[in-house]
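Everything below concerns the one structure shown next.
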Amino acid sequence: MNLDVMVGPASWEETVTLARNVERAGFAGMLFTETSSVPWMRITAAAMAAPSLFFTTGIAVAFPRSPMVSAAVAYEIAANTGGRFRLGLGSQVRAHVKRRYSADFSRPAARMREYVEATKACFRAFNGEEKLHYEGEFYNLSLLPSDWAPPPHDFPVKVDISAVGPLMVRTAAEVADGIHVHPFHSRQYLENRLIPNCGDVDLIAPVFAVAGDSPEERAPMLALAKQQIAFYGTTPNYSFQFDDLGFEGTTNQLRRQMKAGDLQGMEQTITDEMVENFAVVCRWDEMADRLIERYGRSAERVALYLLDDELRRNPAALGKWGEVARAVKAG
């Protein structure tokens, strides 16, 4: 199992500094989100600065981009990193796709199935394995003149998709190489809902990990973990995560509090018992074993969701997290 750092928006200079630091600390890679900035240039900067790290998009928004665009960027990154890259795609939610990107969103699972198939068809065409020809309901690709084709290389590019519900999980199991697990997940969800239905694919799992040798040391990041769990917990489609654990009604309560602007109330709604299900909270010397126990039999890569924020507050924590990363790799 590999332990990565999940990173949010940052300047190229900040990304270079972070990449060098996490490589030096002993992490395996970096997982780049797409929110207020796209991941591609930050990955390029990081790859130039830290030549041993592995890079993942978690996730790049798919539907506003042609599969050809995503395939071409991914293929180029794989070529220039010696294959130290895998393409993580996600559908995003309807409002963002339609109103922020002005793109189509209908039937997202069916659309994502074609998107992955079309992207892989592009890779085969780039490699010279076959002529580009993909015909589907949503995507049709049939033109790739030699002057527009990227130079072929021998580094395979795995394509992963984010999946929560059964339709998207089934899609991933049938056409993708891996699943990006939503950060808001419990062990119960992994073992009873996701893993039995995901087939033989890799899992890439962001985790809310809070380490510290005292409650006082853990308190700042524990509060942040509760805030993130509360934020994700307002999504109606994720309410089953609470319900499965016996916390029925939590999503509705969080939604009422969010509508009222009661952010403190939202955080307080997430009890320590809930946190135990959705996060890993423990002493420093326990963290590696806890991560291995929770994810070691199922996940290819685990990414620390909160570390980027923690380092802005306490840069010295990187050394301790590096020890955890090396222990996870050895374990």
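Here, A, B, ... name the chains of the structure tokens in the order displayed, residue numbers run from 1 inside each chain, and ligands are numbered from 1 in the same displayed order.
Near Ser298 of chain A, within 9 Å and counting only C-alpha atoms, sit Met1, Leu190, Ile195, Asp202 and Leu203 of chain A, not including residues fewer than 5 positions from it in the same chain.
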Residues of segment 276-331 of chain A within 12 Å of segment 253-270 of chain A: nearest atom pair and distance (Å, one decimal) for each, counting only C-alpha atoms, sorted by chain and number, as CSV?
residue,atom,partner,partner_atom,distance
A:Glu276,CA,A:Ile270,CA,10.3
A:Asn277,CA,A:Ile270,CA,10.8
A:Phe278,CA,A:Ile270,CA,10.1
A:Ala279,CA,A:Ile270,CA,11.5
Residues of the last selection are to be written out with N, CA and C atoms, as a compact mmCIF listing (two decimals), in the first residue's frame.
# COMPACT_ATOMS: atom_id res chain seq x y z
N GLU A 276 -15.16 8.08 14.68
CA GLU A 276 -14.48 6.79 14.72
C GLU A 276 -14.80 5.94 13.49
N ASN A 277 -15.97 6.13 12.92
CA ASN A 277 -16.36 5.38 11.72
C ASN A 277 -15.82 6.00 10.44
N PHE A 278 -15.72 7.31 10.39
CA PHE A 278 -15.38 7.99 9.15
C PHE A 278 -13.94 8.50 9.10
N ALA A 279 -13.19 8.34 10.17
CA ALA A 279 -11.82 8.84 10.21
C ALA A 279 -10.94 7.88 10.99
Expected answer as a PyMOL selection string: strand (DSSP E or B) residues in segment 170-310 of chain A: chain A and resi 178-180+202-211+279-282+301-304
Using C-alpha atoms, can you write the selected residues to a file as a CSV table (one decimal), in the first residue's frame?
chain,number,residue,atom,x,y,z
A,178,GLY,CA,-9.6,1.7,-10.3
A,179,ILE,CA,-12.1,3.5,-8.1
A,180,HIS,CA,-11.5,6.7,-6.3
A,202,ASP,CA,-7.7,-0.8,-7.6
A,203,LEU,CA,-9.0,1.4,-4.8
A,204,ILE,CA,-7.6,4.9,-4.2
A,205,ALA,CA,-8.9,6.0,-0.9
A,206,PRO,CA,-8.6,9.5,0.7
A,207,VAL,CA,-8.7,9.3,4.4
A,208,PHE,CA,-9.4,11.7,7.3
A,209,ALA,CA,-6.4,10.9,9.5
A,210,VAL,CA,-5.8,12.7,12.7
A,211,ALA,CA,-2.7,11.9,14.7
A,279,ALA,CA,-11.8,8.8,10.2
A,280,VAL,CA,-8.7,7.4,11.7
A,281,VAL,CA,-7.9,9.1,15.0
A,282,CYS,CA,-5.0,7.8,17.1
A,301,ARG,CA,-3.1,4.0,-2.7
A,302,VAL,CA,-4.3,5.9,0.4
A,303,ALA,CA,-4.1,9.7,0.4
A,304,LEU,CA,-4.1,11.9,3.5
Residue contacts of Lys131 of chain A (10 Å, only C-alpha atoms) excluding same-chain residues fewer than 5 positions away, as a ChimeraX atom specification: /A:121-122,124-126,142-145
Backbone-only DSSP, helix (DSSP H, G or I) members of segment 48-289 of chain A, as a PyMOL selection string: chain A and resi 48-49+67-80+94-100+108-126+146-148+166-175+187-197+215-233+236-244+250-259+263-269+272-278+284-289
Option closest in space to Asn2 of chain A, from A:Tyr238, A:Gly26, A:Val93, A:Thr251 [counting only C-alpha atoms]: A:Gly26
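Proximity to Gln227 of chain A was assessed for A:Tyr134, A:Phe184, A:Trp40, A:Tyr189 counting only C-alpha atoms; the smallest distance is recorded for A:Phe184.
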Which of A:Gln188, A:Gln228, A:Ser37, A:Ser52 sits closest to Gly82 of chain A [using only C-alpha atoms]: A:Ser52
Option closest in space to Glu117 of chain A, from A:Ala95, A:Leu132, A:Val181, A:Ala299 [counting only C-alpha atoms]: A:Leu132
Near-Val159 of chain A list (6 Å; only C-alpha atoms; drop same-chain fewer than 6 positions) as a PyMOL selection string: chain A and resi 87-88+176-177
Any chance you could export the current selection's C-alpha atoms as a JSON list (two decimals), in the first residue's frame?
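Output saved as part_13.json:
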[["chain", "number", "residue", "atom", "x", "y", "z"],
["A", 87, "LEU", "CA", -5.79, 9.39, -14.60],
["A", 88, "GLY", "CA", -8.58, 9.76, -12.07],
["A", 176, "ALA", "CA", -12.10, 1.29, -15.35],
["A", 177, "ASP", "CA", -8.83, 0.26, -13.73]]
